[in-house]
$ cat protein_21.tsv   # TSV, C-alpha atoms and all ligand atoms
chain	number	residue	atom	x	y	z
A	1	HIS	CA	13.63	-18.22	4.85
A	2	VAL	CA	9.89	-17.68	5.25
A	3	SER	CA	8.32	-15.22	2.85
A	4	THR	CA	5.18	-13.24	3.34
A	5	THR	CA	3.04	-10.84	1.35
A	6	ILE	CA	0.95	-8.00	2.68
A	7	HIS	CA	-1.92	-5.76	1.72
A	8	ALA	CA	-1.17	-2.37	3.29
A	9	ARG	CA	-3.39	0.61	4.08
A	10	PHE	CA	-2.73	4.10	2.68
A	11	PRO	CA	-5.41	6.41	4.12
A	12	VAL	CA	-6.44	9.23	1.77
A	13	VAL	CA	-5.65	12.60	3.34
A	14	ARG	CA	-6.38	15.02	0.47
A	15	THR	CA	-8.36	14.46	-2.70
A	16	ALA	CA	-10.39	16.23	-5.35
A	17	ALA	CA	-12.61	13.13	-5.71
A	18	PRO	CA	-15.50	13.20	-3.19
A	19	ALA	CA	-15.81	9.39	-3.46
A	20	LEU	CA	-12.35	9.03	-1.92
A	21	GLU	CA	-12.90	11.15	1.16
A	22	GLY	CA	-12.33	9.02	4.25
A	23	ALA	CA	-11.26	6.07	2.11
A	24	THR	CA	-8.11	3.95	2.32
A	25	VAL	CA	-6.13	2.84	-0.74
A	26	VAL	CA	-4.89	-0.76	-0.52
A	27	ILE	CA	-1.60	-1.92	-2.03
A	28	TRP	CA	-0.21	-5.47	-2.27
A	29	THR	CA	3.48	-6.25	-2.07
A	30	THR	CA	5.66	-9.36	-1.84
A	31	THR	CA	8.39	-7.34	-0.09
A	32	PRO	CA	7.13	-5.90	3.22
A	33	TRP	CA	10.67	-4.66	3.97
A	34	THR	CA	10.34	-2.08	1.17
A	35	MET	CA	7.55	-0.26	3.04
A	36	PRO	CA	9.91	2.08	4.98
A	37	GLY	CA	11.17	3.24	1.55
A	38	ASN	CA	7.67	3.98	0.24
A	39	ARG	CA	7.17	7.48	-1.15
A	40	ALA	CA	4.20	7.15	-3.56
A	41	VAL	CA	1.37	4.92	-4.75
A	42	ALA	CA	0.88	4.38	-8.49
A	43	TYR	CA	-2.42	3.80	-10.29
A	44	GLY	CA	-3.40	3.23	-13.92
A	45	ASP	CA	-5.39	6.00	-15.60
A	46	GLU	CA	-7.61	3.49	-17.43
A	47	ILE	CA	-8.17	1.05	-14.56
A	48	ASP	CA	-11.63	0.92	-12.95
A	49	TYR	CA	-11.37	1.23	-9.18
A	50	ALA	CA	-14.12	0.42	-6.69
A	51	VAL	CA	-14.63	2.23	-3.39
A	52	VAL	CA	-16.29	-0.20	-1.01
A	53	GLU	CA	-17.42	-0.15	2.59
A	54	VAL	CA	-16.63	-3.32	4.51
A	55	THR	CA	-19.85	-4.71	6.00
A	56	ALA	CA	-18.80	-8.16	7.29
A	57	VAL	CA	-15.47	-9.85	8.05
A	58	ALA	CA	-14.33	-13.27	9.28
A	59	GLU	CA	-13.23	-13.45	12.91
A	60	ASN	CA	-9.52	-13.58	12.06
A	61	SER	CA	-9.62	-10.79	9.46
A	62	LEU	CA	-7.43	-7.70	9.81
A	63	ALA	CA	-10.07	-5.67	7.93
A	64	LYS	CA	-12.57	-3.64	9.92
A	65	VAL	CA	-16.30	-3.37	9.46
A	66	GLY	CA	-17.09	0.21	8.42
A	67	GLU	CA	-13.77	1.01	6.77
A	68	LYS	CA	-13.86	2.29	3.18
A	69	LEU	CA	-11.31	0.61	0.93
A	70	VAL	CA	-10.23	1.27	-2.65
A	71	CYS	CA	-9.18	-1.58	-4.97
A	72	ALA	CA	-9.32	-2.31	-8.71
A	73	ALA	CA	-12.83	-3.54	-9.51
A	74	ALA	CA	-11.46	-6.56	-11.40
A	75	LEU	CA	-9.44	-7.66	-8.34
A	76	LEU	CA	-12.01	-6.99	-5.65
A	77	ASP	CA	-13.17	-10.61	-5.24
A	78	ASP	CA	-9.60	-11.83	-5.02
A	79	PHE	CA	-8.71	-9.14	-2.48
A	80	LYS	CA	-11.83	-9.86	-0.39
A	81	ALA	CA	-10.90	-13.55	-0.24
A	82	GLN	CA	-7.32	-12.78	0.84
A	83	ALA	CA	-8.42	-10.23	3.43
A	84	LYS	CA	-11.19	-12.52	4.74
A	85	ILE	CA	-13.76	-9.84	3.99
A	86	GLU	CA	-17.16	-11.53	3.76
A	87	ALA	CA	-19.26	-8.66	2.45
A	88	VAL	CA	-18.91	-5.11	1.16
A	89	SER	CA	-21.22	-2.50	-0.19
A	90	GLU	CA	-19.96	-0.67	-3.23
A	91	LEU	CA	-20.05	3.09	-2.74
A	92	ALA	CA	-18.49	4.33	-5.97
A	93	ARG	CA	-16.51	3.37	-9.02
A	94	LEU	CA	-14.01	5.61	-10.77
A	95	LYS	CA	-11.29	5.52	-13.39
A	96	GLY	CA	-7.73	5.90	-12.22
A	97	ALA	CA	-7.54	9.28	-13.97
A	98	GLY	CA	-10.00	10.52	-11.34
A	99	LEU	CA	-7.37	9.90	-8.65
A	100	ALA	CA	-5.00	12.61	-9.94
A	101	GLY	CA	-3.82	14.91	-7.17
A	102	THR	CA	-4.87	12.57	-4.38
A	103	VAL	CA	-2.46	12.36	-1.44
A	104	CYS	CA	-2.32	9.51	1.07
A	105	ALA	CA	-0.63	8.95	4.42
A	106	HIS	CA	1.93	6.18	4.91
A	107	PRO	CA	0.60	3.08	6.77
A	108	LEU	CA	2.99	3.99	9.64
A	109	ARG	CA	2.05	7.68	9.90
A	110	GLY	CA	2.50	8.87	13.46
A	111	HIS	CA	5.49	6.54	13.93
A	112	GLY	CA	8.18	8.40	12.03
A	113	TYR	CA	6.57	8.09	8.58
A	114	ASP	CA	4.71	11.36	8.57
A	115	TYR	CA	5.33	12.55	5.01
A	116	ASP	CA	2.79	12.89	2.19
A	117	VAL	CA	2.45	9.90	-0.14
A	118	PRO	CA	1.26	11.23	-3.53
A	119	MET	CA	-0.78	9.08	-5.92
A	120	LEU	CA	0.84	9.05	-9.36
A	121	ALA	CA	-0.27	7.65	-12.72
A	122	ALA	CA	2.02	4.94	-14.11
A	123	ASP	CA	1.56	2.70	-17.13
A	124	PHE	CA	3.09	-0.27	-15.30
A	125	ALA	CA	0.12	-0.39	-12.91
A	126	THR	CA	-2.28	-3.12	-14.09
A	127	ASP	CA	-5.39	-4.78	-12.76
A	128	GLU	CA	-3.99	-8.29	-13.18
A	129	THR	CA	-2.49	-8.89	-9.73
A	130	GLY	CA	-2.68	-7.34	-6.31
A	131	THR	CA	-5.09	-4.43	-5.98
A	132	GLY	CA	-4.36	-2.41	-9.12
A	133	PHE	CA	-2.18	-0.03	-7.09
A	134	VAL	CA	1.61	-0.22	-6.85
A	135	HIS	CA	3.52	0.76	-3.75
A	136	ILE	CA	6.43	2.90	-4.97
A	137	ALA	CA	9.77	2.69	-3.19
A	138	PRO	CA	12.18	4.72	-5.36
A	139	GLY	CA	15.24	3.19	-3.69
A	140	HIS	CA	14.15	-0.41	-4.36
A	141	GLY	CA	12.96	-0.94	-7.93
A	142	ALA	CA	13.73	0.26	-11.46
A	143	ASP	CA	10.16	1.40	-12.26
A	144	ASP	CA	9.95	2.91	-8.81
A	145	PHE	CA	13.21	4.80	-9.30
A	146	GLU	CA	12.17	6.21	-12.70
A	147	LEU	CA	8.74	7.30	-11.51
A	148	GLY	CA	10.33	8.87	-8.46
A	149	ARG	CA	12.80	10.76	-10.60
A	150	GLU	CA	10.07	12.02	-12.96
A	151	HIS	CA	8.16	13.43	-10.01
A	152	GLY	CA	11.09	14.67	-7.96
A	153	LEU	CA	10.49	12.22	-5.12
A	154	GLU	CA	13.09	11.57	-2.48
A	155	ILE	CA	15.10	8.37	-3.17
A	156	PRO	CA	15.40	7.09	0.39
A	157	GLN	CA	18.30	4.88	1.41
A	158	THR	CA	16.98	2.51	4.06
A	159	VAL	CA	19.10	-0.65	3.79
A	160	ALA	CA	22.88	-1.08	4.23
A	161	ASP	CA	25.01	-3.46	2.12
A	162	ASP	CA	24.66	-6.22	4.72
A	163	GLY	CA	20.85	-6.15	4.39
A	164	SER	CA	20.13	-4.39	7.67
A	165	PHE	CA	18.09	-1.23	8.07
A	166	TYR	CA	20.08	1.88	8.87
A	167	ASP	CA	19.74	3.39	12.33
A	168	HIS	CA	17.72	6.29	10.93
A	169	VAL	CA	14.84	4.01	9.83
A	170	PRO	CA	12.03	4.33	12.39
A	171	LEU	CA	10.72	1.07	13.96
A	172	PHE	CA	13.01	-1.21	11.92
A	173	ALA	CA	16.59	-0.04	12.64
A	174	GLY	CA	18.99	-2.99	12.72
A	175	MET	CA	16.55	-5.61	11.39
A	176	ASN	CA	17.59	-7.68	8.41
A	177	VAL	CA	15.45	-7.48	5.28
A	178	LEU	CA	15.85	-11.16	4.40
A	179	GLU	CA	15.71	-12.74	7.84
A	180	ASP	CA	13.16	-10.50	9.51
A	181	ASN	CA	10.34	-10.27	6.95
A	182	MET	CA	7.82	-11.88	9.31
A	183	LYS	CA	8.83	-9.52	12.11
A	184	ILE	CA	8.61	-6.56	9.74
A	185	ALA	CA	5.11	-7.63	8.66
A	186	ALA	CA	4.13	-8.10	12.32
A	187	ILE	CA	5.25	-4.55	13.18
A	188	LEU	CA	3.20	-3.20	10.28
A	189	ARG	CA	0.21	-5.22	11.48
A	190	ASP	CA	0.59	-4.10	15.11
A	191	HIS	CA	0.46	-0.47	13.96
A	192	GLY	CA	-2.72	-1.02	11.97
A	193	GLY	CA	-0.87	-0.77	8.68
A	194	ILE	CA	-2.04	-3.95	7.06
A	195	VAL	CA	-5.40	-5.28	6.00
A	196	ALA	CA	-4.29	-8.78	4.95
A	197	ARG	CA	-1.32	-11.09	5.08
A	198	GLY	CA	-0.54	-13.99	2.80
A	199	LYS	CA	2.25	-16.25	1.62
B	201	LIG	N1	7.16	-1.61	-6.27
B	201	LIG	C1	7.64	-2.86	-5.73
B	201	LIG	C2	6.55	-3.54	-4.90
B	201	LIG	O1	5.42	-3.15	-4.94
B	201	LIG	C3	8.88	-2.68	-4.88
B	201	LIG	C4	10.10	-2.55	-5.73
B	201	LIG	C5	8.76	-1.56	-3.92
B	201	LIG	O2	6.79	-4.48	-4.19
$ encode --input "protein_21.tsv" --output "structure tokens"
Amino acid sequence: HVSTTIHARFPVVRTAAPALEGATVVIWTTTPWTMPGNRAVAYGDEIDYAVVEVTAVAENSLAKVGEKLVCAAALLDDFKAQAKIEAVSELARLKGAGLAGTVCAHPLRGHGYDYDVPMLAADFATDETGTGFVHIAPGHGADDFELGREHGLEIPQTVADDGSFYDHVPLFAGMNVLEDNMKIAAILRDHGGIVARGK
């Protein structure tokens, strides 16, 4: 089957860090089908994150001029290349520890995913791949499950034994997580949830 990776948008809705007001946290995942099970975003306390405003994009980019994005400083060039962002202006830089207490919205807020997505410190977040943030789906990964349990997050059950989404999963009910990854990514894109797509 065809695989795809995505960079997804988590708009900041509440924060104690003025630099993050109106900004959007970007996560990278190889498993778009885990997005309905997302309940948190993890960061590393010691990682340097950059808040940038997008100032120029290629014609086929999903990024928008004027949006404020947050990404690990060490991964910014890599992210810009993948998102076909041609230029940014850096607005601020902060350590992950400065993100404590920040709450985001899910990329599909307004479409059945209207819960708070807290930002949580986790030592498994690194600035070696992706964006330095980890999308946390407590029902889909061991680290995710543990972090979810530590913080009392819901452990959502989204996928049945046959690999199809349960009927209660908004937008994706009945789709198959192995066969429909491209379709799942396309739905995320059509709702403005993703800022880049790769292989
Ligand atoms: N945390 C993983 C990821 O970012 C999964 C297990 C949700 O893709």
$ residues_around --input "protein_21.tsv" --residues "stretch 147-151 of chain A" --least-positions-apart "5" --cutoff "12 Å" --atoms "only C-alpha atoms" --output "list of chain:residue names"
A:Gly37, A:Asn38, A:Arg39, A:Ala40, A:Val41, A:Ala42, A:Tyr43, A:Val117, A:Pro118, A:Met119, A:Leu120, A:Ala121, A:Ala122, A:Asp123, A:Phe124, A:Ala125, A:Val134, A:His135, A:Ile136, A:Ala137, A:Pro138, A:Gly139, A:His140, A:Gly141, A:Ala142, A:Pro156
$ atom_distance --input "protein_21.tsv" --atom1 "atom CA of A:Val25" --atom2 "atom CA of A:Val70"
4.8 Å
$ residues_near_point --input "protein_21.tsv" --point "(-5.4, -2.0, -10.5)" --cutoff "10 Å" --atoms "only C-alpha atoms" --output "ChimeraX atom specification"
/A:27,42-50,70-76,95-96,124-134
$ closest_residue --input "protein_21.tsv" --among "A:Glu53, A:Glu21, A:Glu67, A:Glu86" --to "A:Val195" --atoms "all atoms listed in the file"
A:Glu67
$ residues_around --input "protein_21.tsv" --residues "A:Ala56" --least-positions-apart "2" --cutoff "10 Å" --atoms "only C-alpha atoms" --output "PyMOL selection string"
chain A and resi 53-54+58-59+61+63-66+84-89
$ closest_residue --input "protein_21.tsv" --among "A:Leu94, A:Ala173, A:Val103, A:Ile155" --to "ligand LIG 201 (chain B)" --atoms "all atoms listed in the file"
A:Ile155
$ atom_distance --input "protein_21.tsv" --atom1 "atom CA of A:Val51" --atom2 "atom CA of A:Leu91"
5.5 Å
$ closest_residue --input "protein_21.tsv" --among "A:Ala105, A:Met35, A:Ala81, A:Ala8" --to "ligand LIG 201 (chain B)" --atoms "all atoms listed in the file"
A:Met35
$ closest_residue --input "protein_21.tsv" --among "A:Ala16, A:Met175, A:Leu69, A:Leu153" --to "A:Gly101" --atoms "only C-alpha atoms"
A:Ala16
$ closest_residue --input "protein_21.tsv" --among "A:Val26, A:Trp33, A:Val13, A:Asn60" --to "A:Ile184" --atoms "all atoms listed in the file"
A:Trp33
$ atom_distance --input "protein_21.tsv" --atom1 "atom CA of A:His111" --atom2 "atom CA of A:Lys68"
22.5 Å
$ residues_around --input "protein_21.tsv" --residues "A:His106" --least-positions-apart "6" --cutoff "8 Å" --atoms "all atoms listed in the file" --output "PyMOL selection string"
chain A and resi 9-11+38+113-117
$ closest_residue --input "protein_21.tsv" --among "A:Arg14, A:Ala23, A:Asp167, A:Thr29" --to "ligand LIG 201 (chain B)" --atoms "only C-alpha atoms and all ligand atoms"
A:Thr29
$ axis_aligned_box --input "protein_21.tsv" --around "stretch 114-117 of chain A" --padding-each-side "4 Å" --output "JSON"
{"center_x": 3.9, "center_y": 11.4, "center_z": 4.2, "size_x": 10.9, "size_y": 11.0, "size_z": 16.7}
$ residues_around --input "protein_21.tsv" --residues "A:Ser164" --least-positions-apart "2" --cutoff "9 Å" --atoms "only C-alpha atoms" --output "PDB file with C-alpha atoms, in the frame of the given file"
ATOM      1  CA  THR A 158      16.980   2.510   4.060  1.00  0.00           C
ATOM      2  CA  VAL A 159      19.100  -0.650   3.790  1.00  0.00           C
ATOM      3  CA  ALA A 160      22.880  -1.080   4.230  1.00  0.00           C
ATOM      4  CA  ASP A 161      25.010  -3.460   2.120  1.00  0.00           C
ATOM      5  CA  ASP A 162      24.660  -6.220   4.720  1.00  0.00           C
ATOM      6  CA  TYR A 166      20.080   1.880   8.870  1.00  0.00           C
ATOM      7  CA  PHE A 172      13.010  -1.210  11.920  1.00  0.00           C
ATOM      8  CA  ALA A 173      16.590  -0.040  12.640  1.00  0.00           C
ATOM      9  CA  GLY A 174      18.990  -2.990  12.720  1.00  0.00           C
ATOM     10  CA  MET A 175      16.550  -5.610  11.390  1.00  0.00           C
ATOM     11  CA  ASN A 176      17.590  -7.680   8.410  1.00  0.00           C
ATOM     12  CA  VAL A 177      15.450  -7.480   5.280  1.00  0.00           C
ATOM     13  CA  LEU A 178      15.850 -11.160   4.400  1.00  0.00           C
TER      14      LEU A 178
END
